[in-house]
Amino acid sequence: MTDALDQDGPDGSDARIAAAEYALHLMPPSDRAAFEARLELDGALRAQVADWHEDFAAMAMEIPDIDPPPTLRARLMRAVTPARRPRSLGAWLGGLFAGGSLVAIAAVVLIVLLPQAVPPPGTDVPDPQGVDPGRVAQTPVTPDPAPVAPEPPAPRYAASLVAGDASLVVQARYDPVSGSLQLDRSAGAAPPGRALQLWIIAEGATVPASLGLLPDAASDQITISPEARDLLLTGTLAISDEPAGGSPTGAPTGTVLATGTFDAAPI
Amino acid sequence: MDAVPAAPLGCSEDQGGRPVQQMARDRRDEIEALIARTAAQDRAAFLTLYDATSGKLYAVCLRVLRDRAEAEEVLQDVYLKIWRHADRYRANGLSPMTWLITVARNGAIDRLRMRRSGHAGLDQVAELEDASPGPEGTAIAASEAARISACLSELEAARADAVRGAYLDGLSYQDLAVRHDVPLNTMRTWLRRSLLKLRECLSR
């Protein structure tokens, strides 16, 4: 089927066709890879591909613009605003893209930001302030919880879990010392007869562990079991849609609606 | 069709009826400047670039995917790629809208093919980077649009339609053969001949 491409015609017509087929994505993956290897070495061929791109793009210029939903702009703005974490957003995104996983790419949107660090849509983006050594420094080790209440108050950490279409928005505030997790749901609810279940996927783990059902109340606290307490800050939180009473299998059975991770620096 | 929605770009001084070519060139320069500032991780410029181009890029993704939710996901991915890889724009020599449209279309077609095969897509930006053209790859969008239309109209209607289907709808040879109710090899021959004719016409 590559007949026309294997023998270069006297007028170079086959290279022209191949360049067009490449630009149009008409080549099967194996031919595409072989063509890309040729492109590396052949500047004239690269120029032909670019000419086709340029000419074909003119067709796209003729189709009417369609405005994307405004929520997308807000999500992008959040995604490019540096989170206050020690590793850079860019490095994090880089890792995700290198992984090539669509799930991971989708998770980019869900990057956790403290609500106060996110300007409302339409306002100017503030100058980068993400690199503030004071904020970024890891929390000092807090002594074991004693019968006496610790003072100063234990640090708390924030995470946002936001569905791709913002149909579910949950802010989480976590006190790793007491294991208390405050959950504030500002949008979304379980469908009738269903439940929302909260999960933690520990760093490096592939299997989520249940943290229990999301409370019915829009604002409520749950207490994280001592075994899971250390996993939360470095893992990924997720909310899935489950049968009433929660997943019968111990693993998510329904759609994962939203994910998020805790910011590295305390509130 | 306007290359770019006029809104936030500084086109106000263009109201006095400057030639269309000049306005197209100005818009092109502004998009190019926004890409350059995006490469320097200027978030305000990135959002201005988004405002100026997302209508076109969303239309391109939607046309290929025919599904709003998927098109939106792909568009988001596309703009994050642009944010991360805007520095590659200079090296590829494409005109700025062509580069943006190509990144968007590649993203949408990857998603389309993945939807069918269940295979993961590749990062298409790397491929764009390789597609460095000669200096001839830098024409003005407005005249390009007229040129391709004129050249497509020199083809038989069904064949022009197949070229549009391959580009705008992201159809494969197989899809095109089904759509036009001809054997696969016939479609391949058709389209290749059409592409050669198109190139001849475009080079005139």
# chains A, B, ... in the order shown; residues from 1 in each chain; ligands from 1
>>> residues_around(residues="stretch 220-225 of chain A", least_positions_apart="2", cutoff="8 Å", atoms="only C-alpha atoms", output="PyMOL selection string")
chain A and resi 178-184+211+215+217-218+227-229
>>> write_last_selection(atoms="N, CA, C and O atoms", output="short mmCIF file (atom, residue, chain, number, x, y, z; two decimals), in the first residue's frame")
data_model
loop_
_atom_site.label_atom_id
_atom_site.label_comp_id
_atom_site.auth_asym_id
_atom_site.auth_seq_id
_atom_site.Cartn_x
_atom_site.Cartn_y
_atom_site.Cartn_z
N SER A 178 -4.00 15.35 63.98
CA SER A 178 -5.20 14.74 64.55
C SER A 178 -5.88 13.80 63.55
O SER A 178 -6.74 13.01 63.93
N GLY A 179 -5.51 13.91 62.26
CA GLY A 179 -6.16 13.10 61.24
C GLY A 179 -7.51 13.66 60.84
O GLY A 179 -8.29 13.00 60.14
N SER A 180 -7.79 14.88 61.23
CA SER A 180 -9.09 15.46 60.92
C SER A 180 -9.09 16.06 59.50
O SER A 180 -8.20 16.83 59.15
N LEU A 181 -10.05 15.64 58.71
CA LEU A 181 -10.15 16.14 57.34
C LEU A 181 -11.47 16.87 57.18
O LEU A 181 -12.55 16.27 57.27
N GLN A 182 -11.38 18.17 56.99
CA GLN A 182 -12.57 19.00 56.79
C GLN A 182 -12.90 19.01 55.30
O GLN A 182 -12.02 19.27 54.47
N LEU A 183 -14.14 18.72 54.93
CA LEU A 183 -14.53 18.66 53.53
C LEU A 183 -15.65 19.67 53.28
O LEU A 183 -16.69 19.62 53.94
N ASP A 184 -15.42 20.59 52.38
CA ASP A 184 -16.43 21.60 52.04
C ASP A 184 -16.77 21.44 50.58
O ASP A 184 -15.93 21.66 49.69
N LEU A 211 -11.18 6.13 51.85
CA LEU A 211 -11.19 6.97 53.06
C LEU A 211 -12.61 7.11 53.58
O LEU A 211 -12.87 7.85 54.51
N PRO A 215 -19.30 12.95 53.20
CA PRO A 215 -20.47 13.24 54.04
C PRO A 215 -21.60 13.85 53.22
O PRO A 215 -21.36 14.52 52.22
N ALA A 217 -23.60 16.15 54.29
CA ALA A 217 -23.62 17.60 54.52
C ALA A 217 -22.58 18.26 53.63
O ALA A 217 -21.54 17.67 53.32
N ALA A 218 -22.88 19.49 53.18
CA ALA A 218 -21.96 20.20 52.31
C ALA A 218 -20.64 20.48 53.03
O ALA A 218 -19.58 20.53 52.40
N GLU A 227 -3.53 4.57 60.10
CA GLU A 227 -2.70 3.93 59.06
C GLU A 227 -2.62 4.80 57.79
O GLU A 227 -1.63 4.81 57.09
N ALA A 228 -3.74 5.48 57.49
CA ALA A 228 -3.79 6.24 56.24
C ALA A 228 -3.24 7.65 56.42
O ALA A 228 -2.99 8.35 55.44
N ARG A 229 -3.05 8.05 57.67
CA ARG A 229 -2.73 9.45 57.96
C ARG A 229 -1.50 9.96 57.22
O ARG A 229 -1.48 11.08 56.72
#
>>> interface_residues(of="chain A", to="chain B", cutoff="6 Å", atoms="only C-alpha atoms", output="compact mmCIF listing (two decimals) with N, CA and C atoms, in the first residue's frame")
# COMPACT_ATOMS: atom_id res chain seq x y z
N LEU A 24 -1.73 15.31 6.64
CA LEU A 24 -3.15 15.00 6.82
C LEU A 24 -3.39 13.87 7.83
N LEU A 26 -2.73 10.69 7.22
CA LEU A 26 -3.32 9.57 6.47
C LEU A 26 -2.42 8.34 6.47
N ARG A 46 11.06 18.53 4.90
CA ARG A 46 10.44 19.29 6.00
C ARG A 46 9.75 20.54 5.46
N ALA A 47 10.40 21.17 4.48
CA ALA A 47 9.80 22.37 3.89
C ALA A 47 8.50 22.02 3.17
N ALA A 50 5.83 21.54 5.71
CA ALA A 50 5.41 22.85 6.24
C ALA A 50 4.51 23.58 5.25
N ASP A 51 4.84 23.47 3.95
CA ASP A 51 3.99 24.09 2.93
C ASP A 51 2.57 23.53 2.99
N GLU A 54 0.75 24.77 5.96
CA GLU A 54 0.37 26.17 5.75
C GLU A 54 -0.87 26.24 4.85
N ALA A 57 -3.97 24.63 6.59
CA ALA A 57 -4.48 25.44 7.71
C ALA A 57 -5.41 26.53 7.20
N ALA A 58 -5.19 26.93 5.95
CA ALA A 58 -6.06 27.95 5.37
C ALA A 58 -7.51 27.45 5.30
N MET A 61 -8.98 28.13 8.54
CA MET A 61 -9.29 29.55 8.74
C MET A 61 -10.69 29.89 8.22
N GLU A 62 -11.19 29.05 7.32
CA GLU A 62 -12.49 29.35 6.72
C GLU A 62 -13.66 28.81 7.53
N ASP A 65 -15.46 30.36 13.79
CA ASP A 65 -14.98 30.18 15.16
C ASP A 65 -16.15 29.75 16.05
N ILE A 66 -15.83 28.96 17.06
CA ILE A 66 -16.82 28.59 18.07
C ILE A 66 -16.16 28.83 19.43
N ASP A 67 -16.78 29.65 20.26
CA ASP A 67 -16.16 29.93 21.55
C ASP A 67 -16.29 28.74 22.48
>>> atom_distance(atom1="atom CA of B:Asp29", atom2="atom CA of A:Pro64")
21.8 Å
>>> closest_residue(among="B:Arg113, B:Arg88, B:His180, B:Arg27", to="A:His25", atoms="only C-alpha atoms")
B:Arg113
>>> closest_residue(among="B:Ala45, B:Ile35, B:Ala158, B:Met187", to="B:Asp175", atoms="only C-alpha atoms")
B:Met187
>>> residues_around(residues="A:Gln171", least_positions_apart="6", cutoff="12 Å", atoms="only C-alpha atoms", output="number ranges by chain")
A: 110, 112-116, 157-163, 181-187, 214, 218-221, 237, 239, 258-263
>>> select_by_dssp(residues="stretch 180-240 of chain A", states="helix (DSSP H, G or I)", output="JSON list (two decimals) with all heavy atoms, in the first residue's frame")
[["chain", "number", "residue", "atom", "x", "y", "z"],
["A", 226, "PRO", "N", -5.40, 6.11, 61.57],
["A", 226, "PRO", "CA", -3.97, 6.33, 61.77],
["A", 226, "PRO", "C", -3.11, 5.71, 60.66],
["A", 226, "PRO", "O", -2.09, 6.29, 60.27],
["A", 226, "PRO", "CB", -3.70, 5.65, 63.12],
["A", 226, "PRO", "CG", -5.02, 5.65, 63.82],
["A", 226, "PRO", "CD", -6.07, 5.55, 62.74],
["A", 227, "GLU", "N", -3.53, 4.57, 60.10],
["A", 227, "GLU", "CA", -2.70, 3.93, 59.06],
["A", 227, "GLU", "C", -2.62, 4.80, 57.79],
["A", 227, "GLU", "O", -1.63, 4.81, 57.09],
["A", 227, "GLU", "CB", -3.26, 2.55, 58.63],
["A", 227, "GLU", "CG", -3.64, 1.60, 59.76],
["A", 227, "GLU", "CD", -5.02, 1.89, 60.31],
["A", 227, "GLU", "OE1", -6.00, 1.62, 59.62],
["A", 227, "GLU", "OE2", -5.12, 2.42, 61.45],
["A", 228, "ALA", "N", -3.74, 5.48, 57.49],
["A", 228, "ALA", "CA", -3.79, 6.24, 56.24],
["A", 228, "ALA", "C", -3.24, 7.65, 56.42],
["A", 228, "ALA", "O", -2.99, 8.35, 55.44],
["A", 228, "ALA", "CB", -5.23, 6.30, 55.73],
["A", 229, "ARG", "N", -3.05, 8.05, 57.67],
["A", 229, "ARG", "CA", -2.73, 9.45, 57.96],
["A", 229, "ARG", "C", -1.50, 9.96, 57.22],
["A", 229, "ARG", "O", -1.48, 11.08, 56.72],
["A", 229, "ARG", "CB", -2.52, 9.60, 59.48],
["A", 229, "ARG", "CG", -3.32, 10.72, 60.06],
["A", 229, "ARG", "CD", -3.43, 10.59, 61.56],
["A", 229, "ARG", "NE", -4.76, 10.12, 61.93],
["A", 229, "ARG", "CZ", -5.19, 10.04, 63.18],
["A", 229, "ARG", "NH1", -4.40, 10.36, 64.19],
["A", 229, "ARG", "NH2", -6.41, 9.63, 63.43]]
